[in-house]
Every structure is written in structure tokens, then in C-alpha cells.
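Engineer: This is the structure I want to talk about, given as C-alpha cells.
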Amino acid sequence: MQASHVLSVANLSKHFGGIHALNGIDLQIHEGEILGLIGPNGAGKTALINTITGFYRADSGQMDFMGHNLVGRSLHEIGRLGIGRTFQNIRLFKRMTVLENVMVANKTYAAHPWSAFWGFGQRRKAVDEAMHWLQTMHLSHQADVSAQSLSYGEARRLEIARALAGYPALLLLDEPAAGMNEGETEALIQDIQTARSQVKAMLLIEHDMGLIRSLSDRVVAMDYGRKIAEGSASSVLAHPEVKKAYLGEDE
Amino acid sequence: MIADHLFFTCINILLAWSVYVSLLTGSLSFAQGAFMAVGCYASGYFTAKMGLPMLPATGLAALISALIAALVGYPALRLRGIYLILATLGLTFCIRVLLENMDFLGGIGGFGGMKGGDLPKAAAAVVLIGIVLWLLSISPLQRVFDAVREDDRVAAALGINVTAIRLIGFSAGAAIAAVAGMLYGHYMSFVRPENFDVTLSIYVVLYLVLGGVNNLYGAILGAAIMTLLPEYIRFLADWRPTVFGAAILVLLLFRPDGLLSFRPRTALSKHGRALNAPGV
């Protein structure tokens with residue numbers, strides 16, 4: 001397991017008042033892997049993603065992303081370095097079309113306002129590129145509809161397409177299957193496999209253990225802002241600390 | 001007479017657009033009166049005192065106004081909502097007091113000697129700036145602005161420098177207001193700091209709200225109605241602010257997006273179809 005890491009987090013802490021959302025967590029994401037992140041509600045999983053991506057400022061600890069220190073960087077710097085994410089509570093641009101949601105994530109437009117204003121020549125290319133990501137997530141037939149008219153499952157896939165459009169090296173998926181039915185989840189597994197080939201590594205937060213088992217190369221379990229277990233999916237799910245975290249002391 | 005009314009309609013369209021551009025990135029500005037004053041005084045100084053032709057004087061004045069907007073905006077645009085409104089209102093007061101105390105610009109007594117502002121020039125400015133805003137509305141930059149307005153943190157996570165985008169919108173608005181100020185000053189040929197009162201800044205925002213905030217044609221409609229209507233309904237002249245206020249209240253109750261409410265289509269779509277989503 002000494003493969004080169006894409007992201008290395010060491011002793012990372014974040015608290016809100018007296019609540020330790022992250023309590024000195026250590027975590028590595030290796031190149032080429034999908035790391036599953038599980039834990040009960042409030043364990044700090046989303047807080048970890050938010051801290052990595054700059055939505056929260058870490059109180060202490062180190063974060064290294066492919067040689068770049070992430071601590072203290074602003075949101076857009078971290079986005080441009082190559083970390084993409086989706087949101088547990090879907091955050092699409094509802095007043096835009098599906099295609100436009102993907103196009104604003106185009107690095108040329110996001111980073112260079114002037115070419116976004118004047119780059120007529122690049123527009124066809126940018127549209128084609130965005131359509132490619134929509135095809136990848138099976139949304140191309142919806143390109144021109146409003147993002148707010150998408151179904152739950154489609155909206156979650158659009159979030160993935162939007163994240164991929166920025167060519168991230170690391171993709172952080174926050175409960176991509178939440179609210180999906182069994183059929184949708186099955187299809188999502190295929191889509192995440194496809195997405196995987198586009199990025200260097202992926203972090204997958206999920207409560208659906210079937211999804212975690214079928215996708216994760218490695219699993220980390222969290223509780224109270226700490227890492228409580230790490231290893232293969234089956235070994236982590238069988239870990240006594242993990243069982244205790246999910247089921248309570250009496251188990 | 002009619003030329004006068006149309007001239008002021010043009011001025012007010014420009015001012016409403018200056019609010020619109022800033023609002024595109026989610027920043028509601030009540031400082032347009034201040035930027036208009038900067039444009040008016042700066043261009044007036046260049047033409048009347050230094051003898052520059054009107055066009056370069058306008059360009060320089062717009063640049064100065066945009067620079068002031070960038071300097072003030074860099075800290076102020078981190079504020080949102082009511083705090084940003086207060087900051088921009090504060091700027092309007094500051095500029096007025098500054099002008100009252102700058103003796104080389106006439107101070108409280110006023111500044112004069114500008115000439116050459118007329119309807120054709122105002123109309124040309126409206127057409128030119130309208131074309132630029134239309135180009136913006138069909139460009140991907142419009143959607144980058146939309147993204148910043150709709151969810152600035154998600155936009156930032158996609159790699160968009162939210163502060164820079166807001167500064168672009170705010171400064172562009174300041175430059176447009178400066179052009180309006182130039183036209184106003186060179187039409188009136190004598191201005192005083194009190195011409196750029198805070199009520200002007202508020203009126204300008206209301207023109208836009210009345211016409212519709214989410215497309216560039218709303219500003220034209222709002223400014224035209226609010227400039228022309230009082231001129232032709234003379235008996236309402238004394239009641240203008242009251243009628244205006246009541247109209248805005250009624251409008252906000254029944255058409256919160258303004259009279260003209262539709263979303264401009266961008267040329268982003270491969271198929272070129274416009275979006276017709278409910279509630280947009």
C-alpha cells in the first residue's frame with residue numbers, strides 16, 4: 001500500500017464551538033484508487049470534504065495534494081489545482097440549463113473571464129466538450145432542459161458531470177446515491193466506474209454499503225471526527241469499532 | 001422638449017444598466033450616483049479645464065470611475081446583502097462630500113463650462129453599451145456571472161475567482177455610470193455635488209427593479225417609463241415619489257421579477273433552443 005498518494009491529510013482538525021467535526025484525522029488517497037468513506041451521520045465525513053476543498057478552514061493539520069499544500073488556500077485555487085466535488089444536498093445552478101451547468105465548469109471559462117466573454121472561436125469546442133461529459137453521465141438528451149426539472153438521480157449525475165468538466169485529478173463524491181432507487185443505484189455504479197477512468201483518484205462517501213463494496217478499493221470508517229478503521233470493505237465493516245459506531249454500545 | 005425627455009431617458013437607461021451589470025454578479029449597488037458624479041466631474045475637468053476632446057475625456061473618466069470601483073469594491077464586495085447596500089450608500093455620501101471639498105472642481109459652488117452633450121451622443125452611448133451588454137448576454141461569461149450570483153461558493157469550487165468576477169461587474173457598472181455622468185454634465189454644462197444625491201442612486205435601482213432585473217431590456221423599459229411618464233402626466237408631478245413608491249410596492253407584490261421578466265438565451269446551446277423553465 002505504498003503507492004504514491006494523490007492526497008495526504010495529517011492530523012487535520014476542525015471544530016465548531018465545542019463540537020469537533022474533525023479531530024486529528026489522518027488519511028491518504030492513493031493514485032488510481034476509489035477510497036470509500038463511511039461512518040454514521042455526524043461522523044465528520046462531509047466536514048472532511050468541506051475542509052479539503054476549502055469550504056471550511058482547517059483549525060490545524062496538514063493537507064498535501066500532489067505536492068501542493070492546501071491549507072489556507074481559497075476555494076477557487078483548490079478547484080483549479082484539480083479537486084472536484086459533488087454535494088450531499090445537490091447544489092446545481094437551477095436557473096441554467098443542464099448543458100450550461102457543465103459549461104461554466106470549463107476551466108477556460110472559469111479561469112479566464114475575457115475568453116468567456118470574447119472567445120467565440122472556442123465556443124463550439126466548449127459545447128462539444130460539455131456534451132461529451134453529459135454523454136458520459138447519460139444526460140445528453142437533457143442538455144437543453146432547465147437543471148431544476150431534472151429528477152433526483154439525474155441531478156446527482158449532473159453534479160458528477162459538472163465536476164468532471166474541470167478535469168479534476170481528485171474527485172470527491174458526497175453520497176452520490178442518496179435518494180436513488182435500486183435501479184438508479186445500479187446504473188450509478190457503472191457511471192462512477194466510467195468517471196474513475198477520468199481522474200487519478202476518488203473519495204466516495206456513501207451510506208449504501210452495497211455501493212461501497214462494489215466500488216471501493218479501500219475503506220476508511222470515521223466516527224466523532226476520527227478514523228476508527230481502515231482496510232478492505234469487508235474487514236472495515238466487520239470491525240468492532242465500526243459496528244459499535246453504527247449500532248451503539250450494546251451490540 | 002421631446003429631445004430633452006429622450007435625453008434623460010437615455011441617461012437613465014445607462015444608469016439602470018450600470019446597476020444591472022453589477023447585479024448580474026449578485027452585488028446590488030446604491031453607489032451609481034457616486035460613479036455618475038465621478039464620470040461627470042472627471043470628464044468635465046478634462047474637457048473644460050484641459051481642453052481634451054470629448055471622446056478621450058469620456059474614456060479616461062470611465063477608467064477613473066472603474067478604478068475607484070475596483071479599489072472600493074475589493075474590500076466591500078466581500079460583504080453581502082444589507083451590508084453591501086450600506087457600504088455602497090456610504091460611498092455615495094463620501095464622493096459627494098469629497099466633491100464639495102475639492103476646490104479645483106468648484107467645491108460646493110459647482111463646476112461648469114462643459115458643453116456638447118446632446119441626444120445623438122446619448123443615443124449612441126445607449127446603442128454602443130447596449131451592444132456590449134447584448135454580447136455579454138449571449139457569451140459564456142454571462143453564465144459565469146449567473147453562477148456567481150446563484151451560488152458563489154459552488155462557483156468558486158469550480159475554479160471561478162468570485163471576487164474577481166464581482167469586481168469586473170462592479171467596475172463595469174461604474175464605468176457605464178461614468179459615461180452617463182459625462183453626458184449629463186456636458187448637457188447641463190453646470191453641475192453641483194448635490195445633483196448626485198443619494199436619492200438618485202436609489203431611483204436608479206428602482207428603475208431596474210421596475211423594468212425587470214434579469215435581462216437587459218428591463219432597464220430600458222423601467223427607465224423609459226419612469227422618465228417619460230411623469231413628464232406626460234403633469235398633474236402627478238408633485239406626487240412623483242409617492243406614485244413611484246406605490247408602483248414599486250404593487251409590482252414587488254405581483255411581479256417580483258419586474259415588468260419584463262425572462263431569461264436571455266445564450267448561444268451556448270448546441271441546438272440553440274431557449275430555456276423556458278417555469279419560474280425563470
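Residue numbers start at 1 in each chain; chains themselves are named A, B, ... in the order of the C-alpha cells; ligands are numbered from 1 in the order shown.
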Could you give me, as an mmCIF file with C-alpha atoms, in the first residue's frame, the residues within 12 Å of B:Leu14, counting only C-alpha atoms and dropping anything in the same chain fewer than 2 positions from it?
Structural biologist:
data_model
loop_
_atom_site.group_PDB
_atom_site.id
_atom_site.type_symbol
_atom_site.label_atom_id
_atom_site.label_comp_id
_atom_site.auth_asym_id
_atom_site.auth_seq_id
_atom_site.Cartn_x
_atom_site.Cartn_y
_atom_site.Cartn_z
ATOM 1 C CA PHE B 7 -32.011 62.579 -23.493
ATOM 2 C CA PHE B 8 -32.829 61.926 -19.846
ATOM 3 C CA THR B 9 -34.360 58.597 -20.774
ATOM 4 C CA CYS B 10 -31.021 57.624 -22.318
ATOM 5 C CA ILE B 11 -29.147 58.773 -19.210
ATOM 6 C CA ASN B 12 -31.451 56.762 -17.007
ATOM 7 C CA ALA B 16 -30.126 51.349 -14.841
ATOM 8 C CA TRP B 17 -27.761 49.222 -16.925
ATOM 9 C CA SER B 18 -24.904 50.158 -14.634
ATOM 10 C CA VAL B 19 -26.865 48.653 -11.741
ATOM 11 C CA TYR B 20 -27.830 45.675 -13.886
ATOM 12 C CA VAL B 21 -24.229 44.728 -14.700
ATOM 13 C CA GLN B 32 -24.263 54.595 -9.070
ATOM 14 C CA GLY B 33 -24.924 58.257 -8.256
ATOM 15 C CA PHE B 35 -19.886 56.877 -10.068
ATOM 16 C CA MET B 36 -22.012 59.157 -12.215
ATOM 17 C CA ALA B 122 -26.586 59.884 -25.552
ATOM 18 C CA ALA B 123 -28.394 57.626 -28.012
ATOM 19 C CA ALA B 124 -25.070 56.489 -29.458
ATOM 20 C CA ALA B 125 -23.846 55.622 -25.957
ATOM 21 C CA VAL B 126 -27.023 53.630 -25.285
ATOM 22 C CA VAL B 127 -26.624 51.722 -28.566
ATOM 23 C CA LEU B 128 -22.913 51.026 -28.045
ATOM 24 C CA ILE B 129 -23.219 49.932 -24.444
ATOM 25 C CA GLY B 130 -26.365 48.008 -25.326
ATOM 26 C CA LEU B 133 -24.262 44.083 -22.891
ATOM 27 C CA ALA B 172 -18.084 47.778 -15.483
ATOM 28 C CA GLY B 173 -21.182 49.239 -13.825
ATOM 29 C CA ALA B 174 -19.127 52.156 -12.513
ATOM 30 C CA ALA B 175 -17.725 52.817 -15.986
ATOM 31 C CA ILE B 176 -21.211 52.853 -17.525
ATOM 32 C CA ALA B 177 -22.453 55.218 -14.822
ATOM 33 C CA ALA B 178 -19.469 57.455 -15.575
ATOM 34 C CA VAL B 179 -20.493 57.665 -19.225
ATOM 35 C CA ALA B 180 -23.977 58.681 -18.077
ATOM 36 C CA GLY B 181 -22.356 61.292 -15.829
ATOM 37 C CA MET B 182 -20.289 62.643 -18.703
ATOM 38 C CA LEU B 183 -23.378 63.051 -20.877
ATOM 39 C CA TYR B 184 -25.321 64.649 -18.043
ATOM 40 C CA VAL B 204 -31.727 54.174 -10.497
ATOM 41 C CA VAL B 205 -32.043 50.874 -8.654
ATOM 42 C CA TYR B 207 -35.847 51.835 -12.496
ATOM 43 C CA LEU B 208 -34.206 48.480 -12.881
ATOM 44 C CA LEU B 216 -31.002 43.926 -20.222
ATOM 45 C CA TYR B 217 -34.285 45.121 -21.731
ATOM 46 C CA GLY B 218 -35.907 45.596 -18.330
ATOM 47 C CA ALA B 219 -33.641 48.567 -17.678
ATOM 48 C CA ILE B 220 -34.808 50.227 -20.909
ATOM 49 C CA LEU B 221 -38.462 49.740 -20.042
ATOM 50 C CA GLY B 222 -38.121 50.816 -16.417
ATOM 51 C CA ALA B 223 -36.047 53.892 -17.206
ATOM 52 C CA ALA B 224 -38.320 54.914 -20.079
#
Engineer: Dump as a PyMOL selection string the residues of chain B that approach chain A to within 6 Å, counting only C-alpha atoms.
Structural biologist: chain B and resi 139-141+144+156-161+277
Engineer: Distance atom CA of A:Ala238-atom CA of A:Ala43, one decimal place?
Structural biologist: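 Straight-line distance from atom CA of A:Ala238 to atom CA of A:Ala43 works out to 18.0 Å.
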Engineer: If we count only C-alpha atoms and set the cut-off at 12 Å, which residues sit around B:Leu105, ignoring sequence neighbours fewer than 4 positions away in its own chain? Please answer as a PyMOL selection string.
Structural biologist: chain B and resi 37-38+40-46+48-49+96+98-101+109-113+190-193
Engineer: Kindly export the residues of the current selection with C-alpha atoms, as a CSV table (one decimal), in the first residue's frame.
Structural biologist:
chain,number,residue,atom,x,y,z
B,37,ALA,CA,-20.6,62.1,-10.3
B,38,VAL,CA,-17.0,60.9,-10.8
B,40,CYS,CA,-19.3,63.9,-14.7
B,41,TYR,CA,-16.6,65.8,-12.8
B,42,ALA,CA,-13.6,63.9,-14.3
B,43,SER,CA,-14.7,64.3,-17.9
B,44,GLY,CA,-15.7,67.9,-17.3
B,45,TYR,CA,-12.3,68.6,-15.9
B,46,PHE,CA,-10.6,67.0,-18.9
B,48,ALA,CA,-13.5,72.2,-19.8
B,49,LYS,CA,-10.2,72.7,-17.9
B,96,ARG,CA,-20.4,63.9,-2.6
B,98,LEU,CA,-15.3,64.9,-1.3
B,99,LEU,CA,-16.5,66.8,-4.3
B,100,GLU,CA,-17.9,69.5,-2.0
B,101,ASN,CA,-14.5,70.0,-0.6
B,109,GLY,CA,-20.5,76.1,-5.6
B,110,GLY,CA,-20.4,73.8,-8.5
B,111,PHE,CA,-18.4,73.2,-11.7
B,112,GLY,CA,-19.2,74.4,-15.1
B,113,GLY,CA,-18.0,75.0,-18.6
B,190,PHE,CA,-23.0,73.3,-14.9
B,191,VAL,CA,-23.3,70.7,-12.1
B,192,ARG,CA,-23.1,70.7,-8.3
B,193,PRO,CA,-22.3,67.9,-5.9
Engineer: Would you compute the distance between atom CA of B:Arg149 and atom CA of B:Phe196? Give it in Å to one decimal.
Structural biologist: 28.3 Å
Engineer: Running DSSP on the backbone, which parts of stretch 71-250 of chain A land in strand (DSSP E or B), as a ChimeraX atom specification?
Structural biologist: /A:83-85,97,146,170-174,201-205,218-223,226-231
Engineer: For the selection you just gave me, I'd like the residues written to a file as a PDB file, in the first residue's frame, keeping N, CA and C atoms.
Structural biologist:
ATOM      1  N   ILE A  83      -9.157  19.590  -7.759  1.00  0.00           N
ATOM      2  CA  ILE A  83     -10.034  18.821  -6.887  1.00  0.00           C
ATOM      3  C   ILE A  83     -11.474  19.179  -7.240  1.00  0.00           C
ATOM      4  N   GLY A  84     -12.227  18.179  -7.630  1.00  0.00           N
ATOM      5  CA  GLY A  84     -13.633  18.393  -7.958  1.00  0.00           C
ATOM      6  C   GLY A  84     -14.497  17.722  -6.915  1.00  0.00           C
ATOM      7  N   ARG A  85     -15.733  18.201  -6.781  1.00  0.00           N
ATOM      8  CA  ARG A  85     -16.594  17.603  -5.760  1.00  0.00           C
ATOM      9  C   ARG A  85     -18.058  17.660  -6.173  1.00  0.00           C
ATOM     10  N   THR A  97     -29.474  25.810 -17.882  1.00  0.00           N
ATOM     11  CA  THR A  97     -29.763  24.526 -18.491  1.00  0.00           C
ATOM     12  C   THR A  97     -28.735  23.500 -18.009  1.00  0.00           C
ATOM     13  N   SER A 146     -34.008  22.815 -18.217  1.00  0.00           N
ATOM     14  CA  SER A 146     -33.563  23.507 -17.017  1.00  0.00           C
ATOM     15  C   SER A 146     -33.076  22.497 -15.982  1.00  0.00           C
ATOM     16  N   LEU A 170      -8.541  14.673  -8.538  1.00  0.00           N
ATOM     17  CA  LEU A 170      -9.205  14.010  -7.419  1.00  0.00           C
ATOM     18  C   LEU A 170     -10.672  14.409  -7.416  1.00  0.00           C
ATOM     19  N   LEU A 171     -11.540  13.398  -7.361  1.00  0.00           N
ATOM     20  CA  LEU A 171     -12.984  13.668  -7.355  1.00  0.00           C
ATOM     21  C   LEU A 171     -13.556  13.210  -6.025  1.00  0.00           C
ATOM     22  N   LEU A 172     -14.272  14.112  -5.362  1.00  0.00           N
ATOM     23  CA  LEU A 172     -14.863  13.802  -4.071  1.00  0.00           C
ATOM     24  C   LEU A 172     -16.375  13.705  -4.238  1.00  0.00           C
ATOM     25  N   LEU A 173     -16.912  12.506  -4.032  1.00  0.00           N
ATOM     26  CA  LEU A 173     -18.348  12.310  -4.210  1.00  0.00           C
ATOM     27  C   LEU A 173     -19.013  12.185  -2.842  1.00  0.00           C
ATOM     28  N   ASP A 174     -19.942  13.107  -2.562  1.00  0.00           N
ATOM     29  CA  ASP A 174     -20.597  13.113  -1.262  1.00  0.00           C
ATOM     30  C   ASP A 174     -21.996  12.498  -1.390  1.00  0.00           C
ATOM     31  N   ALA A 201      -7.858   9.736  -8.749  1.00  0.00           N
ATOM     32  CA  ALA A 201      -8.346   9.054  -7.550  1.00  0.00           C
ATOM     33  C   ALA A 201      -9.688   9.636  -7.165  1.00  0.00           C
ATOM     34  N   MET A 202     -10.375   8.889  -6.318  1.00  0.00           N
ATOM     35  CA  MET A 202     -11.723   9.292  -5.955  1.00  0.00           C
ATOM     36  C   MET A 202     -11.968   9.006  -4.486  1.00  0.00           C
ATOM     37  N   LEU A 203     -12.690   9.905  -3.839  1.00  0.00           N
ATOM     38  CA  LEU A 203     -13.147   9.657  -2.472  1.00  0.00           C
ATOM     39  C   LEU A 203     -14.658   9.549  -2.538  1.00  0.00           C
ATOM     40  N   LEU A 204     -15.199   8.492  -1.969  1.00  0.00           N
ATOM     41  CA  LEU A 204     -16.629   8.210  -2.104  1.00  0.00           C
ATOM     42  C   LEU A 204     -17.252   8.094  -0.726  1.00  0.00           C
ATOM     43  N   ILE A 205     -18.073   9.067  -0.382  1.00  0.00           N
ATOM     44  CA  ILE A 205     -18.856   8.979   0.856  1.00  0.00           C
ATOM     45  C   ILE A 205     -20.181   8.331   0.517  1.00  0.00           C
ATOM     46  N   ARG A 218     -10.545   0.545  -1.109  1.00  0.00           N
ATOM     47  CA  ARG A 218     -10.174   0.607   0.300  1.00  0.00           C
ATOM     48  C   ARG A 218     -11.265   1.399   0.992  1.00  0.00           C
ATOM     49  N   VAL A 219     -11.454   1.130   2.262  1.00  0.00           N
ATOM     50  CA  VAL A 219     -12.499   1.835   3.001  1.00  0.00           C
ATOM     51  C   VAL A 219     -11.909   2.407   4.283  1.00  0.00           C
ATOM     52  N   VAL A 220     -12.325   3.633   4.585  1.00  0.00           N
ATOM     53  CA  VAL A 220     -11.998   4.246   5.874  1.00  0.00           C
ATOM     54  C   VAL A 220     -13.308   4.505   6.591  1.00  0.00           C
ATOM     55  N   ALA A 221     -13.361   4.138   7.869  1.00  0.00           N
ATOM     56  CA  ALA A 221     -14.554   4.430   8.666  1.00  0.00           C
ATOM     57  C   ALA A 221     -14.231   5.547   9.648  1.00  0.00           C
ATOM     58  N   MET A 222     -15.173   6.479   9.790  1.00  0.00           N
ATOM     59  CA  MET A 222     -14.984   7.615  10.694  1.00  0.00           C
ATOM     60  C   MET A 222     -16.068   7.612  11.753  1.00  0.00           C
ATOM     61  N   ASP A 223     -15.705   8.148  12.910  1.00  0.00           N
ATOM     62  CA  ASP A 223     -16.706   8.477  13.920  1.00  0.00           C
ATOM     63  C   ASP A 223     -16.141   9.578  14.807  1.00  0.00           C
ATOM     64  N   ARG A 226     -12.835  11.200  13.916  1.00  0.00           N
ATOM     65  CA  ARG A 226     -11.595  10.428  13.895  1.00  0.00           C
ATOM     66  C   ARG A 226     -11.743   9.254  12.933  1.00  0.00           C
ATOM     67  N   LYS A 227     -10.586   8.714  12.546  1.00  0.00           N
ATOM     68  CA  LYS A 227     -10.604   7.485  11.763  1.00  0.00           C
ATOM     69  C   LYS A 227     -10.668   6.330  12.741  1.00  0.00           C
ATOM     70  N   ILE A 228     -11.647   5.438  12.576  1.00  0.00           N
ATOM     71  CA  ILE A 228     -11.736   4.327  13.531  1.00  0.00           C
ATOM     72  C   ILE A 228     -11.351   2.996  12.888  1.00  0.00           C
ATOM     73  N   ALA A 229     -11.341   2.931  11.574  1.00  0.00           N
ATOM     74  CA  ALA A 229     -10.917   1.686  10.933  1.00  0.00           C
ATOM     75  C   ALA A 229     -10.524   1.983   9.497  1.00  0.00           C
ATOM     76  N   GLU A 230      -9.679   1.131   8.952  1.00  0.00           N
ATOM     77  CA  GLU A 230      -9.185   1.325   7.595  1.00  0.00           C
ATOM     78  C   GLU A 230      -8.808  -0.031   7.026  1.00  0.00           C
ATOM     79  N   GLY A 231      -9.120  -0.268   5.762  1.00  0.00           N
ATOM     80  CA  GLY A 231      -8.748  -1.540   5.161  1.00  0.00           C
ATOM     81  C   GLY A 231      -9.715  -1.904   4.058  1.00  0.00           C
TER      82      GLY A 231
END
Engineer: Fewer than 6 positions away in the same chain doesn't count, so skip those; otherwise give me all residues within 7 Å of stretch 17-33 of chain A, counting only C-alpha atoms, as a ChimeraX atom specification.
Structural biologist: /A:3-11,44,47-48,200-202,217,224-227
Engineer: Would you list the contacts of B:Leu259 as a PDB file with N, CA and C atoms, in the first residue's frame, taking every protein, DNA or RNA residue within 8 Å and counting only C-alpha atoms, but skipping same-chain residues closer than 2 positions in sequence?
Structural biologist:
ATOM      1  N   LEU B 210     -38.202  47.984 -11.414  1.00  0.00           N
ATOM      2  CA  LEU B 210     -39.480  48.139 -12.094  1.00  0.00           C
ATOM      3  C   LEU B 210     -39.468  47.420 -13.442  1.00  0.00           C
ATOM      4  N   GLY B 211     -38.412  47.624 -14.191  1.00  0.00           N
ATOM      5  CA  GLY B 211     -38.356  47.069 -15.544  1.00  0.00           C
ATOM      6  C   GLY B 211     -38.099  45.582 -15.572  1.00  0.00           C
ATOM      7  N   GLY B 212     -37.355  45.110 -14.616  1.00  0.00           N
ATOM      8  CA  GLY B 212     -37.001  43.688 -14.596  1.00  0.00           C
ATOM      9  C   GLY B 212     -35.499  43.541 -14.490  1.00  0.00           C
ATOM     10  N   GLY B 218     -35.141  45.071 -19.461  1.00  0.00           N
ATOM     11  CA  GLY B 218     -35.907  45.596 -18.330  1.00  0.00           C
ATOM     12  C   GLY B 218     -35.470  47.002 -17.972  1.00  0.00           C
ATOM     13  N   LEU B 251     -45.760  46.352  -7.683  1.00  0.00           N
ATOM     14  CA  LEU B 251     -45.006  45.492  -8.584  1.00  0.00           C
ATOM     15  C   LEU B 251     -44.331  44.347  -7.829  1.00  0.00           C
ATOM     16  N   ARG B 255     -45.414  41.140  -9.368  1.00  0.00           N
ATOM     17  CA  ARG B 255     -44.406  40.690 -10.339  1.00  0.00           C
ATOM     18  C   ARG B 255     -43.019  40.941  -9.769  1.00  0.00           C
ATOM     19  N   ASP B 257     -40.189  39.880 -10.237  1.00  0.00           N
ATOM     20  CA  ASP B 257     -39.035  39.926 -11.128  1.00  0.00           C
ATOM     21  C   ASP B 257     -39.058  41.137 -12.054  1.00  0.00           C
ATOM     22  N   SER B 261     -39.811  40.037 -17.495  1.00  0.00           N
ATOM     23  CA  SER B 261     -39.104  39.001 -16.781  1.00  0.00           C
ATOM     24  C   SER B 261     -38.901  37.797 -17.680  1.00  0.00           C
TER      25      SER B 261
END
Engineer: Using backbone DSSP assignments, extract all alpha helix (DSSP H) residues from stretch 96-148 of chain B; output them as an NGL selection string.
Structural biologist: :B and (96-101 or 119-137 or 140-148)
Engineer: Only N, CA and C atoms, please: the residues just picked out, written as an mmCIF file, in the first residue's frame.
Structural biologist:
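Below you can see again_19.cif, which holds the result:
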data_model
loop_
_atom_site.group_PDB
_atom_site.id
_atom_site.type_symbol
_atom_site.label_atom_id
_atom_site.label_comp_id
_atom_site.auth_asym_id
_atom_site.auth_seq_id
_atom_site.Cartn_x
_atom_site.Cartn_y
_atom_site.Cartn_z
ATOM 1 N N ARG B 96 -19.809 62.554 -2.555
ATOM 2 C CA ARG B 96 -20.440 63.878 -2.553
ATOM 3 C C ARG B 96 -19.675 64.841 -1.651
ATOM 4 N N VAL B 97 -19.329 64.375 -0.447
ATOM 5 C CA VAL B 97 -18.601 65.241 0.483
ATOM 6 C C VAL B 97 -17.224 65.586 -0.080
ATOM 7 N N LEU B 98 -16.585 64.604 -0.710
ATOM 8 C CA LEU B 98 -15.270 64.859 -1.329
ATOM 9 C C LEU B 98 -15.387 65.957 -2.378
ATOM 10 N N LEU B 99 -16.383 65.838 -3.230
ATOM 11 C CA LEU B 99 -16.549 66.823 -4.309
ATOM 12 C C LEU B 99 -16.831 68.208 -3.738
ATOM 13 N N GLU B 100 -17.602 68.235 -2.649
ATOM 14 C CA GLU B 100 -17.919 69.535 -2.042
ATOM 15 C C GLU B 100 -16.673 70.219 -1.497
ATOM 16 N N ASN B 101 -15.655 69.410 -1.227
ATOM 17 C CA ASN B 101 -14.454 69.986 -0.620
ATOM 18 C C ASN B 101 -13.267 70.074 -1.562
ATOM 19 N N LEU B 119 -28.668 64.718 -27.464
ATOM 20 C CA LEU B 119 -29.389 63.453 -27.626
ATOM 21 C C LEU B 119 -28.673 62.458 -28.541
ATOM 22 N N PRO B 120 -28.152 62.873 -29.706
ATOM 23 C CA PRO B 120 -27.475 61.881 -30.554
ATOM 24 C C PRO B 120 -26.326 61.176 -29.842
ATOM 25 N N LYS B 121 -25.554 61.943 -29.054
ATOM 26 C CA LYS B 121 -24.436 61.306 -28.333
ATOM 27 C C LYS B 121 -24.956 60.343 -27.279
ATOM 28 N N ALA B 122 -26.013 60.760 -26.582
ATOM 29 C CA ALA B 122 -26.586 59.884 -25.552
ATOM 30 C C ALA B 122 -27.143 58.611 -26.190
ATOM 31 N N ALA B 123 -27.829 58.792 -27.332
ATOM 32 C CA ALA B 123 -28.394 57.626 -28.012
ATOM 33 C C ALA B 123 -27.275 56.699 -28.494
ATOM 34 N N ALA B 124 -26.197 57.306 -29.003
ATOM 35 C CA ALA B 124 -25.070 56.489 -29.458
ATOM 36 C C ALA B 124 -24.489 55.682 -28.300
ATOM 37 N N ALA B 125 -24.384 56.332 -27.129
ATOM 38 C CA ALA B 125 -23.846 55.622 -25.957
ATOM 39 C C ALA B 125 -24.754 54.464 -25.581
ATOM 40 N N VAL B 126 -26.078 54.698 -25.624
ATOM 41 C CA VAL B 126 -27.023 53.630 -25.285
ATOM 42 C C VAL B 126 -26.863 52.464 -26.265
ATOM 43 N N VAL B 127 -26.748 52.785 -27.567
ATOM 44 C CA VAL B 127 -26.624 51.722 -28.566
ATOM 45 C C VAL B 127 -25.322 50.950 -28.364
ATOM 46 N N LEU B 128 -24.217 51.687 -28.190
ATOM 47 C CA LEU B 128 -22.913 51.026 -28.045
ATOM 48 C C LEU B 128 -22.873 50.133 -26.807
ATOM 49 N N ILE B 129 -23.274 50.706 -25.680
ATOM 50 C CA ILE B 129 -23.219 49.932 -24.444
ATOM 51 C C ILE B 129 -24.240 48.798 -24.494
ATOM 52 N N GLY B 130 -25.375 49.068 -25.147
ATOM 53 C CA GLY B 130 -26.365 48.008 -25.326
ATOM 54 C C GLY B 130 -25.806 46.836 -26.106
ATOM 55 N N ILE B 131 -25.030 47.133 -27.146
ATOM 56 C CA ILE B 131 -24.433 46.050 -27.943
ATOM 57 C C ILE B 131 -23.453 45.238 -27.093
ATOM 58 N N VAL B 132 -22.635 45.947 -26.300
ATOM 59 C CA VAL B 132 -21.680 45.229 -25.444
ATOM 60 C C VAL B 132 -22.428 44.333 -24.453
ATOM 61 N N LEU B 133 -23.502 44.881 -23.868
ATOM 62 C CA LEU B 133 -24.262 44.083 -22.891
ATOM 63 C C LEU B 133 -24.969 42.915 -23.569
ATOM 64 N N TRP B 134 -25.397 43.123 -24.812
ATOM 65 C CA TRP B 134 -26.034 42.023 -25.530
ATOM 66 C C TRP B 134 -25.006 40.927 -25.830
ATOM 67 N N LEU B 135 -23.817 41.359 -26.240
ATOM 68 C CA LEU B 135 -22.747 40.368 -26.469
ATOM 69 C C LEU B 135 -22.467 39.594 -25.185
ATOM 70 N N LEU B 136 -22.461 40.323 -24.077
ATOM 71 C CA LEU B 136 -22.259 39.659 -22.789
ATOM 72 C C LEU B 136 -23.357 38.627 -22.543
ATOM 73 N N SER B 137 -24.597 39.018 -22.864
ATOM 74 C CA SER B 137 -25.720 38.144 -22.520
ATOM 75 C C SER B 137 -25.716 36.848 -23.324
ATOM 76 N N PRO B 140 -20.528 33.018 -22.766
ATOM 77 C CA PRO B 140 -20.413 32.172 -21.577
ATOM 78 C C PRO B 140 -20.130 32.970 -20.308
ATOM 79 N N LEU B 141 -19.570 34.176 -20.457
ATOM 80 C CA LEU B 141 -19.297 34.969 -19.258
ATOM 81 C C LEU B 141 -20.591 35.271 -18.498
ATOM 82 N N GLN B 142 -21.684 35.433 -19.241
ATOM 83 C CA GLN B 142 -22.980 35.673 -18.586
ATOM 84 C C GLN B 142 -23.300 34.525 -17.631
ATOM 85 N N ARG B 143 -22.997 33.295 -18.056
ATOM 86 C CA ARG B 143 -23.303 32.153 -17.198
ATOM 87 C C ARG B 143 -22.337 32.066 -16.021
ATOM 88 N N VAL B 144 -21.084 32.538 -16.249
ATOM 89 C CA VAL B 144 -20.156 32.603 -15.118
ATOM 90 C C VAL B 144 -20.696 33.605 -14.093
ATOM 91 N N PHE B 145 -21.190 34.747 -14.580
ATOM 92 C CA PHE B 145 -21.829 35.727 -13.685
ATOM 93 C C PHE B 145 -23.016 35.076 -12.965
ATOM 94 N N ASP B 146 -23.855 34.378 -13.740
ATOM 95 C CA ASP B 146 -25.036 33.728 -13.156
ATOM 96 C C ASP B 146 -24.627 32.747 -12.057
ATOM 97 N N ALA B 147 -23.564 32.005 -12.334
ATOM 98 C CA ALA B 147 -23.105 31.012 -11.357
ATOM 99 C C ALA B 147 -22.687 31.700 -10.070
ATOM 100 N N VAL B 148 -21.961 32.813 -10.217
ATOM 101 C CA VAL B 148 -21.508 33.546 -9.030
ATOM 102 C C VAL B 148 -22.708 34.090 -8.251
#
